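This is final08.pdb (PDB, C-alpha atoms, pLDDT in the B column).
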ATOM      1  CA  MET T   1     151.820 130.462 174.891  1.00 61.00           C
ATOM      2  CA  MET T   2     149.793 127.796 173.092  1.00 69.00           C
ATOM      3  CA  ASN T   3     151.542 124.710 171.738  1.00 77.00           C
ATOM      4  CA  GLN T   4     150.876 123.269 168.298  1.00 85.00           C
ATOM      5  CA  ILE T   5     148.416 120.382 168.584  1.00 93.00           C
ATOM      6  CA  LEU T   6     148.155 117.629 165.955  1.00 93.00           C
ATOM      7  CA  PRO T   7     144.758 116.048 165.155  1.00 93.00           C
ATOM      8  CA  THR T   8     146.024 112.683 166.464  1.00 94.00           C
ATOM      9  CA  ALA T   9     146.368 114.233 169.932  1.00 96.00           C
ATOM     10  CA  GLY T  10     142.627 113.758 170.466  1.00 96.00           C
ATOM     11  CA  TRP T  11     142.930 109.988 170.742  1.00 96.00           C
ATOM     12  CA  LEU T  12     146.162 110.275 172.742  1.00 97.00           C
ATOM     13  CA  TRP T  13     144.372 112.422 175.356  1.00 97.00           C
ATOM     14  CA  VAL T  14     141.888 109.606 175.882  1.00 97.00           C
ATOM     15  CA  LYS T  15     144.679 107.010 176.177  1.00 97.00           C
ATOM     16  CA  ARG T  16     146.551 109.186 178.661  1.00 98.00           C
ATOM     17  CA  GLY T  17     143.360 109.546 180.693  1.00 98.00           C
ATOM     18  CA  PHE T  18     143.234 105.759 180.998  1.00 98.00           C
ATOM     19  CA  PHE T  19     146.949 105.691 181.850  1.00 98.00           C
ATOM     20  CA  LEU T  20     146.590 108.276 184.629  1.00 98.00           C
ATOM     21  CA  PHE T  21     143.626 106.387 186.079  1.00 98.00           C
ATOM     22  CA  ARG T  22     145.548 103.095 186.081  1.00 98.00           C
ATOM     23  CA  GLN T  23     148.312 104.634 188.196  1.00 98.00           C
ATOM     24  CA  GLN T  24     145.982 105.265 191.159  1.00 98.00           C
ATOM     25  CA  PRO T  25     142.538 103.787 190.372  1.00 98.00           C
ATOM     26  CA  THR T  26     141.389 103.385 193.985  1.00 97.00           C
ATOM     27  CA  GLU T  27     142.464 106.904 194.904  1.00 97.00           C
ATOM     28  CA  MET T  28     140.782 108.477 191.866  1.00 98.00           C
ATOM     29  CA  LEU T  29     137.552 106.563 192.420  1.00 98.00           C
ATOM     30  CA  THR T  30     137.586 107.601 196.071  1.00 98.00           C
ATOM     31  CA  LEU T  31     137.991 111.213 194.956  1.00 98.00           C
ATOM     32  CA  PHE T  32     135.123 110.812 192.480  1.00 98.00           C
ATOM     33  CA  PHE T  33     132.722 109.208 194.964  1.00 97.00           C
ATOM     34  CA  SER T  34     133.617 111.818 197.593  1.00 97.00           C
ATOM     35  CA  TYR T  35     132.747 114.510 195.056  1.00 97.00           C
ATOM     36  CA  MET T  36     129.445 112.805 194.206  1.00 96.00           C
ATOM     37  CA  PHE T  37     128.599 112.452 197.900  1.00 96.00           C
ATOM     38  CA  ILE T  38     129.156 116.185 198.432  1.00 96.00           C
ATOM     39  CA  VAL T  39     127.087 117.069 195.342  1.00 94.00           C
ATOM     40  CA  MET T  40     124.220 114.868 196.549  1.00 94.00           C
ATOM     41  CA  GLY T  41     124.408 116.530 199.956  1.00 95.00           C
ATOM     42  CA  ILE T  42     124.296 119.977 198.358  1.00 94.00           C
ATOM     43  CA  GLY T  43     121.231 118.851 196.403  1.00 88.00           C
ATOM     44  CA  PHE T  44     119.241 118.616 199.643  1.00 91.00           C
ATOM     45  CA  ILE T  45     119.665 122.354 200.298  1.00 90.00           C
ATOM     46  CA  PRO T  46     116.334 124.060 199.487  1.00 88.00           C
ATOM     47  CA  ILE T  47     116.394 126.190 196.305  1.00 84.00           C
ATOM     48  CA  ALA T  48     120.204 126.689 196.361  1.00 86.00           C
ATOM     49  CA  GLY T  49     120.690 122.947 195.859  1.00 86.00           C
ATOM     50  CA  GLU T  50     119.309 123.337 192.342  1.00 85.00           C
ATOM     51  CA  PHE T  51     122.160 125.503 191.050  1.00 89.00           C
ATOM     52  CA  LEU T  52     125.043 125.218 193.558  1.00 94.00           C
ATOM     53  CA  PRO T  53     126.458 122.007 192.003  1.00 93.00           C
ATOM     54  CA  LEU T  54     126.747 123.834 188.659  1.00 93.00           C
ATOM     55  CA  LEU T  55     128.172 126.937 190.315  1.00 95.00           C
ATOM     56  CA  LEU T  56     130.905 124.860 191.975  1.00 96.00           C
ATOM     57  CA  ILE T  57     131.913 122.849 188.897  1.00 96.00           C
ATOM     58  CA  PRO T  58     135.036 124.972 188.177  1.00 97.00           C
ATOM     59  CA  VAL T  59     136.087 124.792 191.839  1.00 97.00           C
ATOM     60  CA  PHE T  60     135.745 121.007 192.048  1.00 97.00           C
ATOM     61  CA  SER T  61     137.177 120.457 188.555  1.00 97.00           C
ATOM     62  CA  MET T  62     140.535 121.727 189.777  1.00 97.00           C
ATOM     63  CA  SER T  63     140.568 118.910 192.345  1.00 97.00           C
ATOM     64  CA  PHE T  64     140.722 116.355 189.527  1.00 98.00           C
ATOM     65  CA  MET T  65     143.183 118.425 187.504  1.00 97.00           C
ATOM     66  CA  GLN T  66     145.542 118.744 190.438  1.00 97.00           C
ATOM     67  CA  ALA T  67     145.065 115.048 191.278  1.00 97.00           C
ATOM     68  CA  CYS T  68     146.257 114.139 187.764  1.00 97.00           C
ATOM     69  CA  ASP T  69     149.254 116.424 188.149  1.00 96.00           C
ATOM     70  CA  ARG T  70     150.094 114.634 191.409  1.00 96.00           C
ATOM     71  CA  ILE T  71     149.822 111.244 189.718  1.00 97.00           C
ATOM     72  CA  GLU T  72     152.161 112.433 186.972  1.00 95.00           C
ATOM     73  CA  ASN T  73     154.632 113.501 189.668  1.00 94.00           C
ATOM     74  CA  GLY T  74     154.320 110.219 191.560  1.00 95.00           C
ATOM     75  CA  VAL T  75     152.512 111.819 194.514  1.00 96.00           C
ATOM     76  CA  LYS T  76     149.623 109.999 196.208  1.00 96.00           C
ATOM     77  CA  VAL T  77     146.114 111.412 195.772  1.00 97.00           C
ATOM     78  CA  TYR T  78     143.865 111.943 198.805  1.00 96.00           C
ATOM     79  CA  PRO T  79     140.199 113.032 199.055  1.00 95.00           C
ATOM     80  CA  ASN T  80     141.205 116.298 200.753  1.00 95.00           C
ATOM     81  CA  LEU T  81     142.136 117.504 197.262  1.00 96.00           C
ATOM     82  CA  LEU T  82     138.440 118.323 196.884  1.00 96.00           C
ATOM     83  CA  LEU T  83     139.183 121.424 198.969  1.00 95.00           C
ATOM     84  CA  VAL T  84     142.086 122.656 196.830  1.00 96.00           C
ATOM     85  CA  GLY T  85     139.926 125.032 194.793  1.00 95.00           C
ATOM     86  CA  PHE T  86     138.262 126.438 197.915  1.00 96.00           C
ATOM     87  CA  ARG T  87     141.665 127.148 199.474  1.00 95.00           C
ATOM     88  CA  SER T  88     143.054 128.796 196.340  1.00 94.00           C
ATOM     89  CA  GLU T  89     143.457 132.549 196.008  1.00 95.00           C
ATOM     90  CA  ALA T  90     141.590 132.081 192.718  1.00 96.00           C
ATOM     91  CA  PHE T  91     138.438 130.848 194.493  1.00 97.00           C
ATOM     92  CA  THR T  92     136.348 133.968 193.824  1.00 97.00           C
ATOM     93  CA  ARG T  93     137.281 133.932 190.121  1.00 97.00           C
ATOM     94  CA  LEU T  94     136.431 130.219 189.907  1.00 98.00           C
ATOM     95  CA  LEU T  95     133.098 130.984 191.543  1.00 97.00           C
ATOM     96  CA  ALA T  96     132.496 133.777 189.027  1.00 97.00           C
ATOM     97  CA  LEU T  97     133.293 131.295 186.254  1.00 98.00           C
ATOM     98  CA  GLY T  98     130.749 128.926 187.801  1.00 97.00           C
ATOM     99  CA  SER T  99     128.099 131.644 187.663  1.00 97.00           C
ATOM    100  CA  LEU T 100     128.751 131.906 183.923  1.00 97.00           C
ATOM    101  CA  TYR T 101     128.274 128.119 183.673  1.00 95.00           C
ATOM    102  CA  VAL T 102     124.831 128.518 185.242  1.00 94.00           C
ATOM    103  CA  ILE T 103     123.901 131.437 182.969  1.00 96.00           C
ATOM    104  CA  ALA T 104     125.101 129.655 179.802  1.00 96.00           C
ATOM    105  CA  ILE T 105     123.216 126.444 180.606  1.00 94.00           C
ATOM    106  CA  ALA T 106     120.056 128.348 181.533  1.00 93.00           C
ATOM    107  CA  LEU T 107     120.281 130.379 178.309  1.00 95.00           C
ATOM    108  CA  ALA T 108     120.766 127.254 176.186  1.00 93.00           C
ATOM    109  CA  ILE T 109     117.741 125.550 177.764  1.00 92.00           C
ATOM    110  CA  PHE T 110     115.658 128.737 177.468  1.00 92.00           C
ATOM    111  CA  ILE T 111     116.416 129.153 173.754  1.00 92.00           C
ATOM    112  CA  SER T 112     115.818 125.440 173.107  1.00 90.00           C
ATOM    113  CA  SER T 113     112.314 125.863 174.534  1.00 90.00           C
ATOM    114  CA  TRP T 114     111.455 127.970 171.474  1.00 90.00           C
ATOM    115  CA  VAL T 115     111.812 124.907 169.249  1.00 87.00           C
ATOM    116  CA  ASP T 116     110.867 122.016 171.558  1.00 83.00           C
ATOM    117  CA  GLY T 117     107.945 123.612 173.373  1.00 85.00           C
ATOM    118  CA  GLY T 118     109.718 123.321 176.719  1.00 83.00           C
ATOM    119  CA  ALA T 119     110.212 119.527 176.474  1.00 81.00           C
ATOM    120  CA  LEU T 120     113.855 119.669 177.608  1.00 85.00           C
ATOM    121  CA  PHE T 121     113.091 121.997 180.506  1.00 84.00           C
ATOM    122  CA  ASP T 122     110.210 119.781 181.659  1.00 80.00           C
ATOM    123  CA  PHE T 123     112.445 116.701 181.443  1.00 78.00           C
ATOM    124  CA  LEU T 124     115.271 118.281 183.466  1.00 80.00           C
ATOM    125  CA  SER T 125     113.003 119.868 186.075  1.00 76.00           C
ATOM    126  CA  ASN T 126     110.849 116.778 186.645  1.00 71.00           C
ATOM    127  CA  GLN T 127     111.638 115.399 190.103  1.00 51.00           C
ATOM    128  CA  LYS T 128     109.853 112.092 189.394  1.00 47.00           C
ATOM    129  CA  PRO T 129     110.926 109.252 187.065  1.00 49.00           C
ATOM    130  CA  THR T 130     109.803 110.064 183.545  1.00 51.00           C
ATOM    131  CA  ASP T 131     107.605 107.659 181.621  1.00 49.00           C
ATOM    132  CA  PRO T 132     109.130 107.370 178.104  1.00 52.00           C
ATOM    133  CA  LYS T 133     105.599 107.228 176.650  1.00 51.00           C
ATOM    134  CA  ALA T 134     104.885 110.652 178.140  1.00 46.00           C
ATOM    135  CA  LEU T 135     107.785 112.339 176.327  1.00 55.00           C
ATOM    136  CA  PRO T 136     106.825 114.552 173.373  1.00 55.00           C
ATOM    137  CA  ASP T 137     107.579 112.639 170.186  1.00 57.00           C
ATOM    138  CA  GLY T 138     110.940 113.857 168.867  1.00 70.00           C
ATOM    139  CA  ARG T 139     110.792 117.211 170.655  1.00 81.00           C
ATOM    140  CA  LEU T 140     113.061 116.208 173.535  1.00 80.00           C
ATOM    141  CA  PHE T 141     115.792 115.093 171.136  1.00 84.00           C
ATOM    142  CA  LEU T 142     115.394 118.339 169.177  1.00 87.00           C
ATOM    143  CA  GLY T 143     115.677 120.339 172.414  1.00 86.00           C
ATOM    144  CA  ILE T 144     118.844 118.504 173.445  1.00 89.00           C
ATOM    145  CA  LEU T 145     120.362 119.059 169.989  1.00 90.00           C
ATOM    146  CA  VAL T 146     119.551 122.788 169.934  1.00 91.00           C
ATOM    147  CA  ALA T 147     120.712 123.330 173.536  1.00 92.00           C
ATOM    148  CA  GLY T 148     123.952 121.471 172.780  1.00 93.00           C
ATOM    149  CA  LEU T 149     124.689 123.578 169.716  1.00 94.00           C
ATOM    150  CA  ILE T 150     123.976 126.792 171.612  1.00 94.00           C
ATOM    151  CA  TYR T 151     126.116 125.709 174.561  1.00 95.00           C
ATOM    152  CA  LEU T 152     129.067 124.615 172.386  1.00 96.00           C
ATOM    153  CA  PRO T 153     130.786 128.059 172.186  1.00 96.00           C
ATOM    154  CA  ALA T 154     130.426 128.373 175.970  1.00 96.00           C
ATOM    155  CA  LEU T 155     131.938 124.911 176.419  1.00 97.00           C
ATOM    156  CA  MET T 156     134.926 126.005 174.334  1.00 97.00           C
ATOM    157  CA  ALA T 157     135.255 129.165 176.432  1.00 97.00           C
ATOM    158  CA  PHE T 158     135.064 127.231 179.705  1.00 98.00           C
ATOM    159  CA  TRP T 159     137.225 124.191 178.810  1.00 98.00           C
ATOM    160  CA  PHE T 160     140.597 125.596 179.917  1.00 98.00           C
ATOM    161  CA  ALA T 161     139.287 128.579 181.873  1.00 98.00           C
ATOM    162  CA  ALA T 162     139.482 127.054 185.375  1.00 98.00           C
ATOM    163  CA  PRO T 163     143.118 125.832 185.159  1.00 97.00           C
ATOM    164  CA  LEU T 164     144.159 129.065 183.437  1.00 97.00           C
ATOM    165  CA  ILE T 165     142.603 131.031 186.293  1.00 97.00           C
ATOM    166  CA  MET T 166     144.140 128.888 189.032  1.00 96.00           C
ATOM    167  CA  TRP T 167     147.448 127.792 187.529  1.00 96.00           C
ATOM    168  CA  LYS T 168     148.248 130.709 185.199  1.00 95.00           C
ATOM    169  CA  LYS T 169     146.607 133.256 187.545  1.00 95.00           C
ATOM    170  CA  MET T 170     144.690 134.813 184.664  1.00 96.00           C
ATOM    171  CA  PRO T 171     141.748 137.190 185.138  1.00 97.00           C
ATOM    172  CA  LEU T 172     138.356 135.689 184.303  1.00 98.00           C
ATOM    173  CA  GLY T 173     137.905 137.417 180.940  1.00 97.00           C
ATOM    174  CA  LYS T 174     141.415 136.602 179.727  1.00 97.00           C
ATOM    175  CA  ALA T 175     141.065 132.931 180.756  1.00 97.00           C
ATOM    176  CA  ILE T 176     137.789 132.604 178.848  1.00 98.00           C
ATOM    177  CA  PHE T 177     139.331 134.282 175.787  1.00 97.00           C
ATOM    178  CA  TYR T 178     142.395 132.004 175.776  1.00 96.00           C
ATOM    179  CA  SER T 179     140.273 128.918 176.402  1.00 97.00           C
ATOM    180  CA  PHE T 180     137.937 129.582 173.478  1.00 97.00           C
ATOM    181  CA  PHE T 181     140.695 130.207 170.951  1.00 96.00           C
ATOM    182  CA  SER T 182     142.850 127.368 172.285  1.00 96.00           C
ATOM    183  CA  VAL T 183     140.038 124.875 171.681  1.00 97.00           C
ATOM    184  CA  LYS T 184     139.407 126.440 168.267  1.00 96.00           C
ATOM    185  CA  HIS T 185     143.143 126.191 167.534  1.00 94.00           C
ATOM    186  CA  ALA T 186     143.078 122.445 168.306  1.00 96.00           C
ATOM    187  CA  GLY T 187     139.629 121.869 166.823  1.00 96.00           C
ATOM    188  CA  LYS T 188     140.479 118.716 164.845  1.00 96.00           C
ATOM    189  CA  ALA T 189     142.060 117.098 167.903  1.00 97.00           C
ATOM    190  CA  PHE T 190     139.012 117.926 170.017  1.00 97.00           C
ATOM    191  CA  LEU T 191     136.687 116.455 167.384  1.00 97.00           C
ATOM    192  CA  ARG T 192     138.604 113.163 167.594  1.00 97.00           C
ATOM    193  CA  TYR T 193     138.623 113.398 171.378  1.00 97.00           C
ATOM    194  CA  ALA T 194     134.835 113.883 171.473  1.00 96.00           C
ATOM    195  CA  ALA T 195     134.229 111.090 168.946  1.00 96.00           C
ATOM    196  CA  ALA T 196     136.391 108.686 170.956  1.00 96.00           C
ATOM    197  CA  TRP T 197     134.494 109.414 174.174  1.00 97.00           C
ATOM    198  CA  MET T 198     131.117 109.133 172.429  1.00 95.00           C
ATOM    199  CA  PHE T 199     132.124 105.625 171.391  1.00 95.00           C
ATOM    200  CA  ILE T 200     133.750 104.594 174.695  1.00 95.00           C
ATOM    201  CA  ALA T 201     131.244 106.137 177.115  1.00 90.00           C
ATOM    202  CA  GLY T 202     128.151 106.110 174.921  1.00 89.00           C
ATOM    203  CA  ILE T 203     127.986 103.349 172.323  1.00 90.00           C
ATOM    204  CA  LEU T 204     129.956 100.617 174.128  1.00 88.00           C
ATOM    205  CA  PRO T 205     127.996 100.877 177.427  1.00 87.00           C
ATOM    206  CA  ALA T 206     124.732 100.878 175.450  1.00 85.00           C
ATOM    207  CA  ILE T 207     125.740  97.667 173.671  1.00 86.00           C
ATOM    208  CA  PHE T 208     126.820  96.122 176.979  1.00 84.00           C
ATOM    209  CA  SER T 209     123.538  97.041 178.701  1.00 83.00           C
ATOM    210  CA  VAL T 210     121.520  95.467 175.861  1.00 82.00           C
ATOM    211  CA  PHE T 211     123.691  92.341 176.108  1.00 83.00           C
ATOM    212  CA  VAL T 212     123.096  92.092 179.877  1.00 79.00           C
ATOM    213  CA  ALA T 213     119.369  92.749 179.435  1.00 79.00           C
ATOM    214  CA  VAL T 214     119.052  89.955 176.862  1.00 79.00           C
ATOM    215  CA  ILE T 215     120.905  87.452 179.043  1.00 80.00           C
ATOM    216  CA  ILE T 216     119.447  88.360 182.455  1.00 77.00           C
ATOM    217  CA  GLY T 217     116.210  90.061 181.478  1.00 71.00           C
ATOM    218  CA  ASP T 218     116.108  92.181 184.627  1.00 71.00           C
ATOM    219  CA  ALA T 219     116.162  95.986 184.453  1.00 71.00           C
ATOM    220  CA  VAL T 220     117.487  96.266 188.028  1.00 75.00           C
ATOM    221  CA  ALA T 221     120.387  93.931 187.212  1.00 74.00           C
ATOM    222  CA  VAL T 222     121.230  96.015 184.141  1.00 76.00           C
ATOM    223  CA  MET T 223     121.273  99.184 186.255  1.00 81.00           C
ATOM    224  CA  LEU T 224     123.474  97.563 188.929  1.00 81.00           C
ATOM    225  CA  ALA T 225     125.873  96.319 186.251  1.00 78.00           C
ATOM    226  CA  MET T 226     126.079  99.752 184.641  1.00 86.00           C
ATOM    227  CA  LEU T 227     126.699 101.766 187.830  1.00 90.00           C
ATOM    228  CA  PRO T 228     130.347 100.726 188.407  1.00 92.00           C
ATOM    229  CA  ILE T 229     131.100 100.974 184.686  1.00 92.00           C
ATOM    230  CA  SER T 230     129.630 104.472 184.592  1.00 93.00           C
ATOM    231  CA  ALA T 231     131.633 105.541 187.666  1.00 95.00           C
ATOM    232  CA  VAL T 232     134.915 104.234 186.231  1.00 96.00           C
ATOM    233  CA  LEU T 233     134.373 105.775 182.786  1.00 96.00           C
ATOM    234  CA  THR T 234     133.358 109.131 184.257  1.00 96.00           C
ATOM    235  CA  THR T 235     136.479 109.192 186.433  1.00 98.00           C
ATOM    236  CA  ILE T 236     138.669 108.326 183.441  1.00 97.00           C
ATOM    237  CA  LEU T 237     136.938 111.078 181.460  1.00 97.00           C
ATOM    238  CA  TYR T 238     137.905 113.531 184.225  1.00 97.00           C
ATOM    239  CA  CYS T 239     141.471 112.212 184.072  1.00 98.00           C
ATOM    240  CA  SER T 240     141.593 112.863 180.322  1.00 98.00           C
ATOM    241  CA  PHE T 241     140.891 116.580 180.825  1.00 98.00           C
ATOM    242  CA  TYR T 242     144.389 117.056 182.259  1.00 98.00           C
ATOM    243  CA  PRO T 243     146.323 115.936 179.132  1.00 97.00           C
ATOM    244  CA  THR T 244     144.376 118.430 177.017  1.00 97.00           C
ATOM    245  CA  TYR T 245     145.688 121.248 179.214  1.00 97.00           C
ATOM    246  CA  ARG T 246     149.163 119.705 179.533  1.00 96.00           C
ATOM    247  CA  ASP T 247     149.654 119.521 175.759  1.00 96.00           C
ATOM    248  CA  MET T 248     148.274 122.985 175.097  1.00 95.00           C
ATOM    249  CA  PHE T 249     149.890 125.002 177.908  1.00 95.00           C
ATOM    250  CA  GLY T 250     152.633 122.779 179.320  1.00 93.00           C
ATOM    251  CA  LYS T 251     153.099 121.312 182.762  1.00 92.00           C
ATOM    252  CA  PRO T 252     151.553 123.452 185.513  1.00 90.00           C
ATOM    253  CA  GLU T 253     153.987 125.022 187.943  1.00 75.00           C
ATOM    254  CA  ILE T 254     152.327 124.173 191.237  1.00 66.00           C
ATOM    255  CA  ASP T 255     153.228 122.778 194.621  1.00 51.00           C
ATOM    256  CA  THR T 256     152.167 119.125 194.471  1.00 46.00           C
ATOM    257  CA  HIS T 257     151.984 119.033 198.274  1.00 46.00           C
ATOM    258  CA  ALA T 258     149.501 121.939 198.474  1.00 49.00           C
TER     259      ALA T 258
END

Whole structure, structure tokens version:
Amino acid sequence: MMNQILPTAGWLWVKRGFFLFRQQPTEMLTLFFSYMFIVMGIGFIPIAGEFLPLLLIPVFSMSFMQACDRIENGVKVYPNLLLVGFRSEAFTRLLALGSLYVIAIALAIFISSWVDGGALFDFLSNQKPTDPKALPDGRLFLGILVAGLIYLPALMAFWFAAPLIMWKKMPLGKAIFYSFFSVKHAGKAFLRYAAAWMFIAGILPAIFSVFVAVIIGDAVAVMLAMLPISAVLTTILYCSFYPTYRDMFGKPEIDTHA
């Protein structure tokens, strides 16, 4: 069921993400901003707005996966694709997967609090802008590192789970099992994939923001310059998820007009 993946595939997934985005950049950005608008709207719901965006990640993720499949088939992408996961017969399983997302993230943050004194939790739960001087020295970074390491096995288990549930019609447990061992099977490729995105979406934007700050010297201008770059790179990152599935499990057999 799983295809053999070479280590060099990691970089190729990133390149194919850029290629897919270039085919329909306006359409994919419209899909992304529509998704962000919905997430921001959900955030205004009292109490539920805190966890619903996480709960719905698997449902919305299939919108971008199916959009990339449409692009590959030469079919135009429209914002109504955001509803594709909600209309699917796999909706309840995707929602159950989302509940596991919430539990895994909460568990990672909870365990990290044992080593960072709750610095990460305080940072994430703070509704006001955080003063960098008020952050515990080194503890926030330690909390992020510990939480990331704890969450890593869950990330492996969730990576392919949503498309396996929706496209392969797998039960939740089976999809999580196949996802975990598929990522483990292609571990070297995923390490290159992660390293490439750390450089493209992390280091390069940081260098650019410093460059803009030195020239203009205005924090607001730096933020305004970074917003479109961040939106484009995030959308391309979403596009690059599809090639990872495509190489591992083959082209999905779906109705591109659904």

Q: Quick one: everything within 12 Å of Glu27 (chain T), counting all atoms listed in the file, minus sequence neighbours fewer than 2 positions away in the same chain. Send it as a VMD selection string.
A: chain T and resid 20 to 25 29 to 34 64 67 to 68 70 to 71 75 to 81 232 235

For the residues selected in the previous step, produce a file with C-alpha atoms as an mmCIF file, keeping the file's coordinate frame.
data_model
loop_
_atom_site.group_PDB
_atom_site.id
_atom_site.type_symbol
_atom_site.label_atom_id
_atom_site.label_comp_id
_atom_site.auth_asym_id
_atom_site.auth_seq_id
_atom_site.Cartn_x
_atom_site.Cartn_y
_atom_site.Cartn_z
ATOM 1 C CA LEU T 20 146.590 108.276 184.629
ATOM 2 C CA PHE T 21 143.626 106.387 186.079
ATOM 3 C CA ARG T 22 145.548 103.095 186.081
ATOM 4 C CA GLN T 23 148.312 104.634 188.196
ATOM 5 C CA GLN T 24 145.982 105.265 191.159
ATOM 6 C CA PRO T 25 142.538 103.787 190.372
ATOM 7 C CA LEU T 29 137.552 106.563 192.420
ATOM 8 C CA THR T 30 137.586 107.601 196.071
ATOM 9 C CA LEU T 31 137.991 111.213 194.956
ATOM 10 C CA PHE T 32 135.123 110.812 192.480
ATOM 11 C CA PHE T 33 132.722 109.208 194.964
ATOM 12 C CA SER T 34 133.617 111.818 197.593
ATOM 13 C CA PHE T 64 140.722 116.355 189.527
ATOM 14 C CA ALA T 67 145.065 115.048 191.278
ATOM 15 C CA CYS T 68 146.257 114.139 187.764
ATOM 16 C CA ARG T 70 150.094 114.634 191.409
ATOM 17 C CA ILE T 71 149.822 111.244 189.718
ATOM 18 C CA VAL T 75 152.512 111.819 194.514
ATOM 19 C CA LYS T 76 149.623 109.999 196.208
ATOM 20 C CA VAL T 77 146.114 111.412 195.772
ATOM 21 C CA TYR T 78 143.865 111.943 198.805
ATOM 22 C CA PRO T 79 140.199 113.032 199.055
ATOM 23 C CA ASN T 80 141.205 116.298 200.753
ATOM 24 C CA LEU T 81 142.136 117.504 197.262
ATOM 25 C CA VAL T 232 134.915 104.234 186.231
ATOM 26 C CA THR T 235 136.479 109.192 186.433
#

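Here CA of Phe199 (chain T) stands at a distance of 16.5 Å from CA of Arg16 (chain T).
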
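Distances to Val59 (chain T) were evaluated for T:Tyr101, T:Phe141, T:Phe44, T:Phe18 using only C-alpha atoms, and the minimum falls at T:Tyr101.
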
Q) Using only C-alpha atoms, what residues lie at most 12 Å away from (144.2, 109.5, 169.2) (file coordinates), given as a list of chain:residue names? A) T:Ile5, T:Leu6, T:Pro7, T:Thr8, T:Ala9, T:Gly10, T:Trp11, T:Leu12, T:Trp13, T:Val14, T:Lys15, T:Arg16, T:Gly17, T:Lys188, T:Ala189, T:Phe190, T:Leu191, T:Arg192, T:Tyr193, T:Ala194, T:Ala195, T:Ala196, T:Trp197, T:Ser240, T:Thr244

(Q) My list of candidates is T:Pro205, T:Pro252, T:Gly173, T:Gly85. Which is closest to Met62 (chain T) when distances are computed with all atoms listed in the file? (A) T:Gly85

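This file gives the following result for the PyMOL selection byres ((chain T and resi 151) around 10): Tyr101, Ala104, Ile105, Ala106, Leu107, Ala108, Ile109, Leu145, Val146, Ala147, Gly148, Leu149, Ile150, Leu152, Pro153, Ala154, Leu155, Met156 and Ala157 of chain T.
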
Q. Taking (132.9, 102.7, 181.2) in the file's coordinates as the center, which residues reach within 10 Å of it, counting all atoms listed in the file, put as JSON, numbers by chain?
A. {"T": [197, 200, 201, 202, 204, 205, 208, 226, 227, 228, 229, 230, 231, 232, 233, 234, 235, 236, 237]}

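From CA of Tyr35 (chain T) back to CA of Ala219 (chain T), the distance works out to 27.0 Å.
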
Q.
Can you translate the PyMOL selection byres ((chain T and resi 158) around 12) into the concrete residues it hits in this file, as a PyMOL selection string?
A. chain T and resi 57-58+61+94+96-102+104-105+151-157+159-165+172-183

Might you spell out which residues the PyMOL selection byres ((chain T and resi 39) around 12) would select in the displayed file, as a tab-separated table (two decimals) with C-alpha atoms, in the coordinates of the input?
chain	number	residue	atom	x	y	z
T	32	PHE	CA	135.12	110.81	192.48
T	33	PHE	CA	132.72	109.21	194.96
T	34	SER	CA	133.62	111.82	197.59
T	35	TYR	CA	132.75	114.51	195.06
T	36	MET	CA	129.44	112.80	194.21
T	37	PHE	CA	128.60	112.45	197.90
T	38	ILE	CA	129.16	116.18	198.43
T	40	MET	CA	124.22	114.87	196.55
T	41	GLY	CA	124.41	116.53	199.96
T	42	ILE	CA	124.30	119.98	198.36
T	43	GLY	CA	121.23	118.85	196.40
T	44	PHE	CA	119.24	118.62	199.64
T	45	ILE	CA	119.66	122.35	200.30
T	48	ALA	CA	120.20	126.69	196.36
T	49	GLY	CA	120.69	122.95	195.86
T	50	GLU	CA	119.31	123.34	192.34
T	51	PHE	CA	122.16	125.50	191.05
T	52	LEU	CA	125.04	125.22	193.56
T	53	PRO	CA	126.46	122.01	192.00
T	54	LEU	CA	126.75	123.83	188.66
T	55	LEU	CA	128.17	126.94	190.32
T	56	LEU	CA	130.90	124.86	191.98
T	57	ILE	CA	131.91	122.85	188.90
T	60	PHE	CA	135.74	121.01	192.05
T	82	LEU	CA	138.44	118.32	196.88

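Here CA of Phe249 (chain T) and CA of Gly187 (chain T) stand 15.4 Å from one another.
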
Q: Using all atoms listed in the file, determine which residues lie at most 10 Å from Ser88 (chain T), disregarding the query and same-chain residues fewer than 2 positions distant; provide the list as a PyMOL selection string.
A: chain T and resi 59+62+83-86+90-94+166-167+258

Mind working out the centre and edge lengths of an axis-aligned box for region 64-67 of chain T, all listed atoms inside, 8 Å added to each side, rounded to one decimal in Å and written as JSON?
{"center_x": 143.1, "center_y": 116.9, "center_z": 189.4, "size_x": 20.8, "size_y": 19.7, "size_z": 19.8}
